[in-house]
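S.K.: Could you have a look at this structure, given as structure tokens, before my questions?
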Amino acid sequence: MRHPHLVTLTATTFVTWTGQRITAVALPLVALDQTGDAWTTGLVGGFAGLPLLTSGWWGRRLRAHLVSGRALAAVLAVQVLGLMLVPVAAATVGVGAVVLCATGLVTGATSALLSPAQRALTADLAELPGNGPDVGAKALAWQDLAHRVSMIFAPALGAWLLVAWGAEPLLWWEAAAVALAAVAMLTVPSVSAVSAASRLERGASRVEPVETEPGLDTLDRREPAELREEEAPSLRSVLRGEPELAVGLALAGVGGVTWFAFALGLALLGVELDRPGELIAAGMAGYGAATVGVSFVVPLVVHRVPRIPAIITSWVVFGLAYLALPMAAPDLLAVGVVSAVGGLAMPFGIAALNALIVERTTGAGRRTAFTAETVLHAGGASLGLLAGGGLIGAFGAGPVLVVTGGFQVLACVAAVLWLRARRRSARVRRTGHPRDLYV
């Protein structure tokens, strides 16, 4: 990426995701040490999911203002305050359930706003004159790589720093890193600011004649229509006439809800097979290594990736991996290989969905689409994890893996059939003659 602002946005993505994963290592230990109750260790994560699931409602008006680096820096500053609640309380009044819930709500709310707004701003800046047609998709693919790299090394780094520094100092350092990311974000302008500067350089500031008083012809400088603040549209209005985008978002939601079968299923399957911790370690290592490796390639070829085929293929492959995992266990190498195969296609599917959002939406509609992607996938994962333990306890890890894998594959088949029906119907309306169309 040659655009410095896109580099800044990618770097802040890396910093914030790394901080979140390190915090996930330190916070449960601080909670346990301060409260002495094991049940409090999950309060931060649990309460962080609440604002994410409801952000489509409470964040709708706020999203209209998150169109510049300065606005995103303000969100990061609030996140810093949320992160500081726990170490400040630990050093003063002590950490209790109320503090843990509060920090979860603050950090969850800021994350729910930040992620889609940052991706939307990346896409907007990439569309400025002078950038190629696929810069936005490539920039988002690099951000996905930063996310995945943090997934691999951040937990191990957090564990090492935990031993070297202790949990509370680690939280202070994490808050400081996010504060630095906020400072860096201040350098990223809004699209309107860049466009205005470009017009001034060309000496082509737009002037519109406006009659201010009856009988008087005067001139009033107006902001171009495309730069005026837009009201955030509903998701339904964004998806109207965009069945492919609707399919991509729906499959992301299905993948999020069924994620628990991989994360919890492998862990509990290892217990059932008397290999506790080993299966989930092998599966996560294989999946993580494959997705990170492929993510280095995706930004270079994303402009050649067909959107809907890549999205559907990625979820089909991952669903088939779910089906194969019970047969691969308890062989650790086989579990690692199957998980790696499942992860190989995933970065292509995510990059294709992000590219589809960039290509089919603009402005406030784009922010709505990215928010829907975040809520459906991450929020779906939270809901799946809430119910997943009970399902696995009732039916066993192996059967749940098989059922969730089959459900993902069937969802993809249903998506293909629905898209074909929509396209055939559109063809009939235009020409009056049905014709087979293929995805």
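Just remember, in the structure tokens the first chain shown is A, the second B, etc., residues are 1-based per chain, and ligands are 1-based in the order shown.
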Quick one: contact table of region 270-352 of chain A to region 357-367 of chain A, 12 Å max, nearest atom pair and distance in Å to one decimal per residue, counting only C-alpha atoms, chain and number order, as a Markdown table?

M.R.:
| residue | atom | partner | partner_atom | distance |
| --- | --- | --- | --- | --- |
| A:His303 | CA | A:Glu359 | CA | 11.5 |
| A:Arg307 | CA | A:Ile357 | CA | 10.2 |
| A:Ile308 | CA | A:Ile357 | CA | 11.8 |
| A:Ile350 | CA | A:Ile357 | CA | 10.8 |
| A:Ala351 | CA | A:Ile357 | CA | 9.9 |
| A:Ala352 | CA | A:Ile357 | CA | 8.7 |

S.K.: Write out the residues from the selection above, keeping all heavy atoms, as a PDB file, in the first residue's frame.

M.R.:
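Just written: out33.pdb:
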ATOM      1  N   HIS A 303      -7.916  -8.847  -6.535  1.00  0.00           N
ATOM      2  CA  HIS A 303      -8.605  -8.280  -7.692  1.00  0.00           C
ATOM      3  C   HIS A 303      -9.017  -9.345  -8.706  1.00  0.00           C
ATOM      4  O   HIS A 303      -9.855  -9.105  -9.575  1.00  0.00           O
ATOM      5  CB  HIS A 303      -7.707  -7.243  -8.374  1.00  0.00           C
ATOM      6  CG  HIS A 303      -6.401  -7.789  -8.862  1.00  0.00           C
ATOM      7  ND1 HIS A 303      -5.393  -8.157  -7.999  1.00  0.00           N
ATOM      8  CD2 HIS A 303      -5.932  -8.038 -10.115  1.00  0.00           C
ATOM      9  CE1 HIS A 303      -4.351  -8.607  -8.696  1.00  0.00           C
ATOM     10  NE2 HIS A 303      -4.662  -8.547  -9.972  1.00  0.00           N
ATOM     11  N   ARG A 307     -16.127 -12.952  -6.532  1.00  0.00           N
ATOM     12  CA  ARG A 307     -16.675 -12.630  -5.216  1.00  0.00           C
ATOM     13  C   ARG A 307     -17.551 -13.746  -4.637  1.00  0.00           C
ATOM     14  O   ARG A 307     -17.209 -14.351  -3.626  1.00  0.00           O
ATOM     15  CB  ARG A 307     -17.468 -11.317  -5.290  1.00  0.00           C
ATOM     16  CG  ARG A 307     -16.700 -10.133  -5.882  1.00  0.00           C
ATOM     17  CD  ARG A 307     -15.352  -9.921  -5.260  1.00  0.00           C
ATOM     18  NE  ARG A 307     -14.717  -8.692  -5.755  1.00  0.00           N
ATOM     19  CZ  ARG A 307     -13.419  -8.543  -5.914  1.00  0.00           C
ATOM     20  NH1 ARG A 307     -12.594  -9.556  -5.627  1.00  0.00           N
ATOM     21  NH2 ARG A 307     -12.906  -7.410  -6.341  1.00  0.00           N
ATOM     22  N   ILE A 308     -18.681 -14.022  -5.244  1.00  0.00           N
ATOM     23  CA  ILE A 308     -19.606 -15.000  -4.676  1.00  0.00           C
ATOM     24  C   ILE A 308     -19.025 -16.419  -4.673  1.00  0.00           C
ATOM     25  O   ILE A 308     -19.147 -17.133  -3.670  1.00  0.00           O
ATOM     26  CB  ILE A 308     -20.954 -14.948  -5.424  1.00  0.00           C
ATOM     27  CG1 ILE A 308     -21.731 -13.714  -4.974  1.00  0.00           C
ATOM     28  CG2 ILE A 308     -21.789 -16.185  -5.151  1.00  0.00           C
ATOM     29  CD1 ILE A 308     -22.094 -13.701  -3.503  1.00  0.00           C
ATOM     30  N   ILE A 350     -13.379 -13.968   3.154  1.00  0.00           N
ATOM     31  CA  ILE A 350     -13.525 -12.702   3.872  1.00  0.00           C
ATOM     32  C   ILE A 350     -13.117 -11.535   2.975  1.00  0.00           C
ATOM     33  O   ILE A 350     -13.789 -10.494   2.935  1.00  0.00           O
ATOM     34  CB  ILE A 350     -12.693 -12.736   5.159  1.00  0.00           C
ATOM     35  CG1 ILE A 350     -13.307 -13.744   6.143  1.00  0.00           C
ATOM     36  CG2 ILE A 350     -12.616 -11.348   5.801  1.00  0.00           C
ATOM     37  CD1 ILE A 350     -12.497 -13.958   7.386  1.00  0.00           C
ATOM     38  N   ALA A 351     -12.016 -11.700   2.244  1.00  0.00           N
ATOM     39  CA  ALA A 351     -11.579 -10.637   1.327  1.00  0.00           C
ATOM     40  C   ALA A 351     -12.626 -10.395   0.246  1.00  0.00           C
ATOM     41  O   ALA A 351     -12.882  -9.245  -0.143  1.00  0.00           O
ATOM     42  CB  ALA A 351     -10.240 -11.018   0.697  1.00  0.00           C
ATOM     43  N   ALA A 352     -13.248 -11.474  -0.252  1.00  0.00           N
ATOM     44  CA  ALA A 352     -14.280 -11.317  -1.285  1.00  0.00           C
ATOM     45  C   ALA A 352     -15.497 -10.578  -0.741  1.00  0.00           C
ATOM     46  O   ALA A 352     -16.085  -9.734  -1.433  1.00  0.00           O
ATOM     47  CB  ALA A 352     -14.676 -12.690  -1.816  1.00  0.00           C
TER      48      ALA A 352
END

S.K.: Can you list, as a ChimeraX atom specification, every protein, DNA or RNA residue that comes within 12 Å of Phe395 (chain A) when you count only C-alpha atoms, leaving out same-chain residues fewer than 5 positions away?

M.R.: /A:261,265,268-269,388-390,400-403

S.K.: Give me, as an MDAnalysis selection string, all polymer residues having an atom no more than 6 Å from region 252-257 of chain A, counting only C-alpha atoms and skipping those fewer than 5 positions away in the same chain.

M.R.: chainID A and resid 376:377 380:381 384

S.K.: Would you write out those residues with N, CA, C and O atoms, as a compact mmCIF listing (two decimals), in the first residue's frame?

M.R.:
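Result file again26.txt:
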# COMPACT_ATOMS: atom_id res chain seq x y z
N LEU A 376 -23.11 -9.63 12.62
CA LEU A 376 -23.56 -10.98 12.27
C LEU A 376 -22.49 -12.03 12.57
O LEU A 376 -22.80 -13.11 13.09
N HIS A 377 -21.24 -11.71 12.24
CA HIS A 377 -20.19 -12.72 12.45
C HIS A 377 -19.73 -12.78 13.90
O HIS A 377 -19.80 -13.83 14.54
N GLY A 380 -22.77 -13.29 16.19
CA GLY A 380 -23.20 -14.68 16.06
C GLY A 380 -22.29 -15.63 16.79
O GLY A 380 -22.75 -16.61 17.40
N ALA A 381 -20.98 -15.36 16.75
CA ALA A 381 -20.03 -16.21 17.48
C ALA A 381 -20.29 -16.15 18.98
O ALA A 381 -20.21 -17.17 19.68
N GLY A 384 -23.37 -18.21 19.68
CA GLY A 384 -23.05 -19.62 19.54
C GLY A 384 -22.30 -20.16 20.73
O GLY A 384 -22.57 -21.26 21.22

S.K.: Quick one: DSSP helix (DSSP H, G or I) residues in region 103-346 of chain A, as a PyMOL selection string?

M.R.: chain A and resi 103-126+135-165+167-185+191-202+225-227+235-239+243-272+278-295+298-304+307-328+332-344+346

S.K.: So what do you get for CA of Val298 (chain A) versus CA of Val191 (chain A), distance-wise?

M.R.: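 Separation of CA of Val298 (chain A) and CA of Val191 (chain A): 26.0 Å.
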
S.K.: Fewer than 6 positions away in the same chain doesn't count, so skip those; otherwise give me all residues within 9 Å of Phe296 (chain A), counting only C-alpha atoms, as a PyMOL selection string.

M.R.: chain A and resi 141-142+145

S.K.: For Leu235 (chain A), which residue out of A:Val7, A:Val86, A:Ala372, A:Leu125 is the nearest one, using only C-alpha atoms?

M.R.: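 Of all the options, A:Ala372 lies closest to Leu235 (chain A).
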
S.K.: So that I can check the surroundings of Ser55 (chain A), please list as number ranges by chain every protein, DNA and RNA residue that reaches within 12 Å of it, counting only C-alpha atoms and ignoring chain neighbours fewer than 5 positions away.

M.R.: A: 48-50, 60-63, 105, 108-116, 368, 370-376, 378-379

S.K.: Return the single residue from A:Leu53, A:Ala246, A:Leu43, A:Glu174 that is closest to Val99 (chain A), with distances computed using only C-alpha atoms.

M.R.: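 Ranked by minimum distance to Val99 (chain A), first place goes to A:Leu43.
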
S.K.: Could you tell me how far CA of Ser295 (chain A) lies from CA of Pro347 (chain A), in Å and to one decimal?

M.R.: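 Answer for the CA of Ser295 (chain A) to CA of Pro347 (chain A) separation: 5.9 Å.
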
S.K.: Which polymer residues have any atom within 9 Å of an atom of Met151 (chain A), counting only C-alpha atoms, with same-chain residues fewer than 2 positions away left out, as a PDB file with C-alpha atoms, in the first residue's frame?

M.R.:
ATOM      1  CA  TRP A  17      -6.134  -6.401  17.841  1.00  0.00           C
ATOM      2  CA  THR A  18      -2.827  -7.303  19.465  1.00  0.00           C
ATOM      3  CA  ARG A  21      -5.641 -10.575  22.539  1.00  0.00           C
ATOM      4  CA  ALA A 146      -2.816  -7.861  10.523  1.00  0.00           C
ATOM      5  CA  HIS A 147      -5.779  -9.311  12.423  1.00  0.00           C
ATOM      6  CA  ARG A 148      -4.694 -12.889  11.751  1.00  0.00           C
ATOM      7  CA  VAL A 149      -1.034 -12.306  12.575  1.00  0.00           C
ATOM      8  CA  PHE A 153       1.613 -14.357  18.234  1.00  0.00           C
ATOM      9  CA  ALA A 154      -0.296 -12.046  20.631  1.00  0.00           C
ATOM     10  CA  PRO A 155      -1.523 -14.732  23.090  1.00  0.00           C
ATOM     11  CA  GLY A 288      -4.052 -20.255  12.343  1.00  0.00           C
ATOM     12  CA  VAL A 292      -1.932 -16.431   8.137  1.00  0.00           C
TER      13      VAL A 292
END

S.K.: Could you work out how far CA of Ala345 (chain A) lies from CA of Leu325 (chain A), giving the answer in Å with one decimal?

M.R.: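 Answer for the CA of Leu325 (chain A) to CA of Ala345 (chain A) separation: 16.7 Å.
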
S.K.: Closest to Ser237 (chain A) among A:Phe407, A:Ala90, A:Ala369, A:Ala414, using only C-alpha atoms?

M.R.: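 Of A:Phe407, A:Ala90, A:Ala369, A:Ala414, the one nearest Ser237 (chain A) is A:Ala369, counting only C-alpha atoms.
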
S.K.: Of the residues A:Val188, A:Ala126, A:Val163, A:Val30, which is the one nearest to Leu72 (chain A), using only C-alpha atoms?

M.R.: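 Answer, going by the shortest atom-to-atom distance: A:Val188.
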
S.K.: Might you pull out every residue within 6 Å of Pro299 (chain A), with only C-alpha atoms counted and same-chain residues fewer than 2 positions away left off, and present them as an mmCIF file with C-alpha atoms, in the first residue's frame?

M.R.:
data_model
loop_
_atom_site.group_PDB
_atom_site.id
_atom_site.type_symbol
_atom_site.label_atom_id
_atom_site.label_comp_id
_atom_site.auth_asym_id
_atom_site.auth_seq_id
_atom_site.Cartn_x
_atom_site.Cartn_y
_atom_site.Cartn_z
ATOM 1 C CA LYS A 138 -6.317 -4.859 -1.180
ATOM 2 C CA ALA A 141 -7.049 -7.694 2.850
ATOM 3 C CA VAL A 297 -1.110 -13.938 -0.762
ATOM 4 C CA VAL A 301 -4.591 -11.552 -5.965
ATOM 5 C CA VAL A 302 -7.840 -10.187 -4.481
#

S.K.: Which of these, A:Leu391, A:Ala181, A:Val305, A:Leu323, has the shortest distance to Asp134 (chain A) once you count only C-alpha atoms?

M.R.: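 Checking each candidate against Asp134 (chain A), we get A:Val305 as the closest.
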
S.K.: So, with only C-alpha atoms as the atoms that count, which of A:Ala321, A:Leu419, A:Ala355, A:Ala394 lies closest to Arg304 (chain A)?

M.R.: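 Distance minimum relative to Arg304 (chain A) lands on A:Ala355.
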